[in-house]
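S.K.: protein_5.txt is reproduced in full below (compact mmCIF, C-alpha atoms).
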```
# COMPACT_ATOMS: atom_id res chain seq x y z
CA MET P 1 -76.45 146.10 18.51
CA GLU P 2 -78.80 147.92 16.13
CA TRP P 3 -82.05 146.02 16.57
CA LYS P 4 -85.02 148.34 17.03
CA GLY P 5 -87.45 148.48 14.14
CA ARG P 6 -86.43 145.06 12.82
CA ARG P 7 -88.59 141.95 12.46
CA GLN P 8 -89.51 140.11 15.63
CA SER P 9 -90.02 136.36 15.59
CA SER P 10 -93.49 134.98 16.21
CA ASN P 11 -91.94 131.84 17.74
CA VAL P 12 -92.05 133.20 21.28
CA GLU P 13 -94.12 131.74 24.12
CA ASP P 14 -94.41 134.07 27.08
CA ARG P 15 -95.07 132.03 30.22
CA ARG P 16 -93.96 134.64 32.70
CA GLY P 17 -96.25 134.55 35.70
CA ALA P 18 -98.09 131.46 34.48
CA GLY P 19 -96.96 129.46 37.51
CA ARG P 20 -98.44 131.99 39.93
CA GLY P 21 -101.77 132.16 38.15
CA ARG P 22 -102.76 128.51 38.01
CA ILE P 23 -105.37 127.02 40.27
CA GLY P 24 -104.94 123.42 41.45
CA GLY P 25 -102.27 120.84 40.69
CA SER P 26 -98.77 121.94 39.87
CA PRO P 27 -98.10 125.40 38.39
CA PHE P 28 -97.74 123.75 35.01
CA GLY P 29 -101.07 121.98 34.77
CA ARG P 30 -100.11 118.40 35.58
CA GLY P 31 -103.11 116.79 37.20
CA GLY P 32 -104.84 118.24 40.19
CA GLY P 33 -107.68 120.70 40.24
CA ILE P 34 -109.83 121.97 43.11
CA ARG P 35 -111.31 119.28 45.30
CA ILE P 36 -115.07 119.71 45.58
CA PRO P 37 -116.30 118.54 49.00
CA THR P 38 -119.26 116.18 49.07
CA GLY P 39 -121.72 116.13 51.93
CA GLY P 40 -120.96 112.70 53.34
CA GLY P 41 -123.01 113.06 56.53
CA MET P 42 -125.48 115.73 55.42
CA ARG P 43 -129.08 115.34 54.33
CA ARG P 44 -129.24 114.97 50.53
CA ALA P 45 -131.72 116.69 48.23
CA GLY P 46 -133.47 114.27 45.89
CA GLY P 47 -130.86 111.57 46.46
CA GLY P 48 -128.07 113.74 45.03
CA LEU P 49 -125.96 116.42 46.61
CA SER P 50 -126.93 117.60 50.07
CA ILE P 51 -128.54 121.01 50.49
CA GLY P 52 -125.51 122.18 52.45
CA THR P 53 -123.18 121.13 49.64
CA ILE P 54 -125.28 122.88 47.03
CA ILE P 55 -125.29 126.11 49.05
CA PHE P 56 -121.52 125.78 49.55
CA LEU P 57 -120.91 125.31 45.82
CA VAL P 58 -123.09 128.28 44.90
CA VAL P 59 -121.21 130.52 47.33
CA ILE P 60 -117.83 129.30 46.04
CA TYR P 61 -118.93 129.80 42.43
CA ILE P 62 -120.05 133.39 43.12
CA LEU P 63 -116.79 134.17 44.92
CA PHE P 64 -114.64 132.84 42.08
CA ARG P 65 -116.72 134.66 39.46
CA ALA P 66 -116.16 137.88 41.39
CA MET P 67 -112.42 137.20 41.12
CA GLY P 68 -112.72 136.77 37.36
CA ILE P 69 -112.23 132.98 37.47
CA ASP P 70 -114.58 130.51 35.79
CA LEU P 71 -114.91 127.66 38.29
CA LEU P 72 -116.49 125.41 35.67
CA GLN P 73 -113.25 125.62 33.69
CA VAL P 74 -111.35 124.52 36.79
CA ILE P 75 -113.65 121.52 37.30
CA GLU P 76 -113.24 120.49 33.66
CA GLY P 77 -109.46 120.50 34.09
CA GLY P 78 -108.67 123.46 31.87
CA PRO P 79 -105.95 126.00 32.58
CA VAL P 80 -107.06 128.83 34.80
CA ASN P 81 -105.12 132.06 35.16
CA MET P 82 -105.54 135.00 37.44
CA PRO P 83 -106.35 138.22 35.56
CA GLY P 84 -103.27 139.88 34.14
CA PHE P 85 -101.30 136.69 33.56
CA GLU P 86 -100.79 134.70 30.40
CA GLN P 87 -102.58 131.55 29.36
CA SER P 88 -100.17 128.71 28.62
CA ASP P 89 -101.24 128.80 24.96
CA GLY P 90 -100.03 132.38 24.69
CA SER P 91 -103.50 133.83 24.10
CA GLN P 92 -102.95 136.61 26.64
CA ALA P 93 -99.51 138.18 26.87
CA PRO P 94 -98.48 139.23 30.37
CA ARG P 95 -97.15 142.72 30.83
CA GLY P 96 -94.01 143.36 32.83
CA SER P 97 -92.07 146.52 33.44
CA ALA P 98 -91.04 148.68 30.51
CA GLU P 99 -87.53 147.26 30.84
CA GLU P 100 -88.84 143.69 30.73
CA GLU P 101 -91.00 144.38 27.71
CA GLU P 102 -88.04 145.90 25.87
CA MET P 103 -85.95 142.85 26.72
CA LYS P 104 -88.71 140.61 25.40
CA ALA P 105 -88.77 142.59 22.14
CA PHE P 106 -84.99 142.34 21.92
CA MET P 107 -85.04 138.57 22.39
CA ALA P 108 -87.76 138.22 19.74
CA THR P 109 -85.65 140.30 17.36
CA VAL P 110 -82.48 138.28 18.02
CA LEU P 111 -84.45 135.08 17.50
CA ALA P 112 -85.70 136.43 14.17
CA GLU P 113 -82.13 137.20 13.14
CA THR P 114 -81.05 133.64 13.97
CA GLU P 115 -83.95 132.38 11.87
CA ASP P 116 -82.81 134.43 8.89
CA THR P 117 -79.22 133.27 9.32
CA TRP P 118 -79.94 129.56 9.57
CA HIS P 119 -82.62 129.55 6.89
CA GLY P 120 -80.02 130.96 4.50
CA ILE P 121 -77.33 128.48 5.51
CA PHE P 122 -79.63 125.45 5.32
CA GLN P 123 -81.08 126.54 1.97
CA ALA P 124 -77.57 126.94 0.55
CA ASN P 125 -77.04 123.28 1.42
CA GLY P 126 -80.35 122.19 -0.12
CA GLU P 127 -82.03 121.67 3.23
CA GLU P 128 -84.90 123.28 5.14
CA TYR P 129 -84.37 124.91 8.50
CA GLN P 130 -87.03 124.16 11.11
CA GLU P 131 -87.36 127.05 13.53
CA PRO P 132 -87.25 126.52 17.30
CA ARG P 133 -89.52 128.28 19.76
CA LEU P 134 -88.36 130.50 22.60
CA VAL P 135 -90.13 130.11 25.94
CA LEU P 136 -89.81 133.04 28.34
CA PHE P 137 -90.57 132.05 31.92
CA SER P 138 -90.14 133.33 35.44
CA GLY P 139 -88.97 131.23 38.35
CA ALA P 140 -89.54 127.71 37.04
CA VAL P 141 -90.85 125.92 33.99
CA GLN P 142 -91.95 122.50 32.78
CA SER P 143 -90.46 121.30 29.49
CA ALA P 144 -90.34 118.01 27.61
CA CYS P 145 -86.94 117.56 29.26
CA GLY P 146 -88.40 117.89 32.75
CA PHE P 147 -88.91 120.56 35.38
CA ALA P 148 -86.31 123.33 35.64
CA SER P 149 -85.83 126.40 37.79
CA ALA P 150 -84.29 129.71 36.84
CA ALA P 151 -81.14 128.58 38.65
CA SER P 152 -80.55 126.11 35.82
CA GLY P 153 -79.88 128.99 33.44
CA PRO P 154 -81.01 129.15 29.81
CA PHE P 155 -81.33 125.74 28.15
CA TYR P 156 -82.46 124.00 24.98
CA CYS P 157 -84.72 120.97 25.13
CA PRO P 158 -84.42 118.68 22.07
CA GLY P 159 -87.58 116.85 23.15
CA ASP P 160 -89.84 119.80 22.23
CA ARG P 161 -87.30 121.85 20.21
CA LYS P 162 -87.65 124.87 22.46
CA VAL P 163 -85.20 127.27 24.07
CA TYR P 164 -86.10 128.17 27.67
CA LEU P 165 -85.03 131.48 29.17
CA ASP P 166 -85.72 133.32 32.40
CA MET P 167 -84.67 136.85 31.49
CA SER P 168 -83.53 137.54 35.05
CA PHE P 169 -80.49 135.48 34.05
CA PHE P 170 -79.16 138.54 32.26
CA ASP P 171 -79.16 140.53 35.50
CA GLU P 172 -77.06 137.79 37.06
CA LEU P 173 -74.82 137.69 33.99
CA ALA P 174 -74.11 141.39 34.40
CA ARG P 175 -73.86 141.58 38.21
CA LYS P 176 -72.13 138.33 39.12
CA PHE P 177 -70.16 137.59 36.00
CA ASP P 178 -69.28 141.06 34.72
CA ALA P 179 -70.75 140.25 31.31
CA ALA P 180 -73.16 143.09 30.58
CA GLY P 181 -74.29 144.30 27.17
CA ASP P 182 -76.98 143.51 24.64
CA PHE P 183 -74.68 141.51 22.38
CA ALA P 184 -73.59 139.39 25.36
CA GLN P 185 -77.29 138.63 25.88
CA ALA P 186 -77.73 137.91 22.18
CA TYR P 187 -74.78 135.50 22.33
CA VAL P 188 -76.53 133.50 25.05
CA LEU P 189 -79.64 133.03 22.90
CA ALA P 190 -77.59 132.33 19.76
CA HIS P 191 -75.69 129.62 21.67
CA GLU P 192 -78.93 127.87 22.64
CA VAL P 193 -80.17 128.14 19.05
CA GLY P 194 -76.83 126.56 18.13
CA HIS P 195 -77.92 123.52 20.13
CA HIS P 196 -81.11 123.45 18.07
CA VAL P 197 -79.02 123.40 14.89
CA GLN P 198 -77.07 120.48 16.39
CA ASN P 199 -80.34 118.72 17.03
CA LEU P 200 -81.42 119.17 13.42
CA ILE P 201 -78.15 117.90 11.94
CA GLY P 202 -78.04 114.88 14.26
CA VAL P 203 -75.26 115.88 16.66
CA LEU P 204 -77.40 115.96 19.81
CA PRO P 205 -79.26 112.69 19.14
CA LYS P 206 -75.94 110.92 18.51
CA PHE P 207 -74.37 112.39 21.64
CA ASN P 208 -77.33 111.43 23.82
CA GLN P 209 -77.17 107.90 22.45
CA MET P 210 -73.41 107.59 23.01
CA ARG P 211 -73.57 109.10 26.48
CA GLN P 212 -75.48 106.07 27.79
CA ARG P 213 -72.38 103.93 27.22
CA MET P 214 -69.83 106.47 28.50
CA SER P 215 -68.25 107.00 31.87
CA GLU P 216 -68.85 110.34 33.56
CA GLY P 217 -65.42 111.57 32.54
CA GLU P 218 -65.92 110.54 28.91
CA ALA P 219 -69.36 112.15 28.84
CA ASN P 220 -67.94 115.41 30.20
CA GLN P 221 -65.26 115.48 27.51
CA MET P 222 -67.82 114.88 24.77
CA SER P 223 -70.15 117.48 26.30
CA ILE P 224 -67.36 120.06 26.03
CA ARG P 225 -67.09 119.40 22.29
CA VAL P 226 -70.87 119.75 21.91
CA GLU P 227 -70.92 123.04 23.82
CA LEU P 228 -67.97 124.49 21.93
CA GLN P 229 -69.65 123.71 18.63
CA ALA P 230 -72.74 125.58 19.82
CA ASP P 231 -70.43 128.52 20.64
CA CYS P 232 -68.99 128.31 17.14
CA PHE P 233 -72.49 128.27 15.63
CA ALA P 234 -73.32 131.35 17.71
CA GLY P 235 -70.24 132.96 16.19
CA ILE P 236 -71.55 132.19 12.69
CA TRP P 237 -74.75 134.05 13.57
CA GLY P 238 -72.61 136.92 14.82
CA LYS P 239 -70.81 137.04 11.47
CA TYR P 240 -74.06 137.31 9.52
CA THR P 241 -75.24 140.00 11.93
CA GLU P 242 -72.07 141.96 11.28
CA GLN P 243 -72.55 141.64 7.52
CA LYS P 244 -75.98 143.22 7.92
CA GLY P 245 -74.35 146.22 9.57
CA LEU P 246 -76.11 145.64 12.88
CA LEU P 247 -73.07 145.48 15.14
CA GLU P 248 -71.99 148.52 17.09
CA SER P 249 -68.58 149.33 18.48
CA GLY P 250 -67.77 146.97 21.35
CA ASP P 251 -70.40 144.35 20.50
CA LEU P 252 -67.94 141.61 19.55
CA GLU P 253 -65.95 142.31 22.70
CA GLU P 254 -69.15 141.91 24.77
CA ALA P 255 -69.77 138.45 23.32
CA LEU P 256 -66.15 137.37 23.77
CA ASN P 257 -66.19 138.61 27.35
CA ALA P 258 -69.40 136.68 28.05
CA ALA P 259 -67.85 133.52 26.59
CA THR P 260 -64.84 134.09 28.83
CA GLN P 261 -66.82 134.75 32.01
CA ILE P 262 -68.88 131.54 31.72
CA GLY P 263 -65.99 129.22 31.00
CA ASP P 264 -65.83 126.25 33.38
CA ASP P 265 -62.47 127.28 34.84
CA THR P 266 -63.51 130.88 35.44
CA LEU P 267 -66.83 129.87 37.00
CA GLN P 268 -65.25 127.31 39.33
CA LYS P 269 -62.51 129.70 40.38
CA ARG P 270 -65.11 132.37 41.17
CA MET P 271 -67.50 130.04 43.01
CA GLN P 272 -65.16 127.76 44.94
CA GLY P 273 -61.71 129.27 44.62
CA TYR P 274 -60.16 126.38 42.69
CA VAL P 275 -60.78 124.39 39.52
CA VAL P 276 -61.43 120.70 38.87
CA PRO P 277 -60.70 120.10 35.17
CA GLU P 278 -62.16 116.58 35.27
CA SER P 279 -65.57 118.09 36.00
CA PHE P 280 -65.55 120.56 33.10
CA ASN P 281 -68.46 120.02 30.69
CA HIS P 282 -68.73 123.31 28.77
CA GLY P 283 -65.14 124.24 28.08
CA THR P 284 -62.59 126.67 29.49
CA SER P 285 -62.86 130.40 28.99
CA LYS P 286 -60.14 130.28 26.34
CA GLN P 287 -61.85 127.45 24.48
CA ARG P 288 -65.25 129.13 24.48
CA MET P 289 -63.85 132.43 23.31
CA THR P 290 -61.70 130.71 20.64
CA TRP P 291 -64.54 128.72 19.12
CA PHE P 292 -66.98 131.63 19.11
CA LYS P 293 -64.34 133.70 17.32
CA ARG P 294 -63.68 130.87 14.86
CA GLY P 295 -67.34 130.82 13.86
CA PHE P 296 -67.41 134.62 13.69
CA ASP P 297 -64.30 134.85 11.53
CA SER P 298 -65.28 132.10 9.09
CA GLY P 299 -69.08 132.21 8.93
CA ARG P 300 -68.96 128.55 7.88
CA MET P 301 -70.31 125.42 9.59
CA SER P 302 -67.35 123.43 8.29
CA ALA P 303 -65.10 125.53 10.53
CA CYS P 304 -67.03 124.34 13.60
CA ASP P 305 -65.88 120.71 13.68
CA THR P 306 -65.07 120.36 17.36
CA PHE P 307 -65.10 116.57 17.16
CA SER P 308 -61.90 116.11 15.14
CA GLY P 309 -58.65 116.70 16.94
CA PRO P 310 -57.96 118.71 20.09
CA VAL P 311 -60.24 121.55 21.17
```
Using structure tokens, write down the structure from this file.

M.R.:
Amino acid sequence: MEWKGRRQSSNVEDRRGAGRGRIGGSPFGRGGGIRIPTGGGMRRAGGGLSIGTIIFLVVIYILFRAMGIDLLQVIEGGPVNMPGFEQSDGSQAPRGSAEEEEMKAFMATVLAETEDTWHGIFQANGEEYQEPRLVLFSGAVQSACGFASAASGPFYCPGDRKVYLDMSFFDELARKFDAAGDFAQAYVLAHEVGHHVQNLIGVLPKFNQMRQRMSEGEANQMSIRVELQADCFAGIWGKYTEQKGLLESGDLEEALNAATQIGDDTLQKRMQGYVVPESFNHGTSKQRMTWFKRGFDSGRMSACDTFSGPV
């Protein structure tokens, strides 16, 4: 995919390393802080803190200042990061390896391309597209949908309208699932943005409401239709990318291969040696590839109705 030199989205939060840099509480700032010992049995100075406690606090303060940490900020409950890591508000961007930084730039560029695509489609229908944010994290992350680890894979949270991505997922995609390539990676992000589009047009809220009254089997079947529509929406983005002349030879095949490799049947066969169709909730390899291609071939949202008829 031809992407270098193109616009990068500003809707990127880089939380890589944030969990390792916090002091007190959970890595994501929920409660906690450093407990300050009080001199219960020591002699107090002027009816307040004991002399021993005061000396202890002074020593601790000097030690933390030498480490580049403002202890007063810790006491006040603010976020505290070790030098070199990002603040949760994105004010200091962490630096990874050259490969990681290039991947970050690529993801920001792909996100920008999805913004352009969906702005155009929504405007053509007299509506305004509201852009999602992309959160890059490492290891684990806290979202409005709860706590998640990298093992969960990329996901979209409708509660805060953010896509969450641990970029190490792409290494696993290439090594374990034989789905390497930059357009395969772009497909993953475009799929999650597809869920954001579903959120905006009311598909996700309706599904989440209906799911409360469904059996597990019924919910799985409906989930498949939701996921396949997101694949189709990712295909629409792919079509617009092709029209811009950004696709290189083999790019479409990379995306189709990725869709195939992460089908429920292929994943289950690889992991456990057999498949359980009743447990499918994303769609088979054939279904995922078919619906991505349908979006790519048509470039129209009307072609992505996975809720009418068989899938």

S.K.: Which residue gives the smallest distance to Arg288 of chain P among P:Glu254, P:Asp265, P:Asp231, P:Asp182, with all atoms listed in the file counted?

M.R.: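 Under the stated criterion, the closest residue is P:Asp231.
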
S.K.: Could you give me, as a VMD selection string, the residues within 12 Å of Gln243 of chain P, counting only C-alpha atoms and dropping anything in the same chain fewer than 2 positions from it?

M.R.: chain P and resid 113 117 236 to 241 245 to 248 296 to 297 299

S.K.: Work out how far apart atom CA of Ala190 of chain P and atom CA of Thr114 of chain P are and give it in Å to one decimal.

M.R.: 6.9 Å

S.K.: Please list as a list in words every residue within 7 Å of segment 194-200 of chain P, counting only C-alpha atoms and excluding residues in the same chain fewer than 6 positions away.

M.R.: Pro132, Tyr156, Pro158, Arg161, Ala230, Phe233 and Ala234 of chain P

S.K.: Let me make sure I understand: among P:Ile201, P:Thr260, P:Val141, P:Met271, which one has the smallest atom-to-atom distance to Lys176 of chain P if we use only C-alpha atoms?

M.R.: P:Met271

S.K.: Using only C-alpha atoms, which of the listed residues (P:Ile224, P:Glu2, P:Asn11, P:Gly295) sits closest to Gln130 of chain P?

M.R.: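 With only C-alpha atoms as the atom set, the closest residue is P:Asn11.
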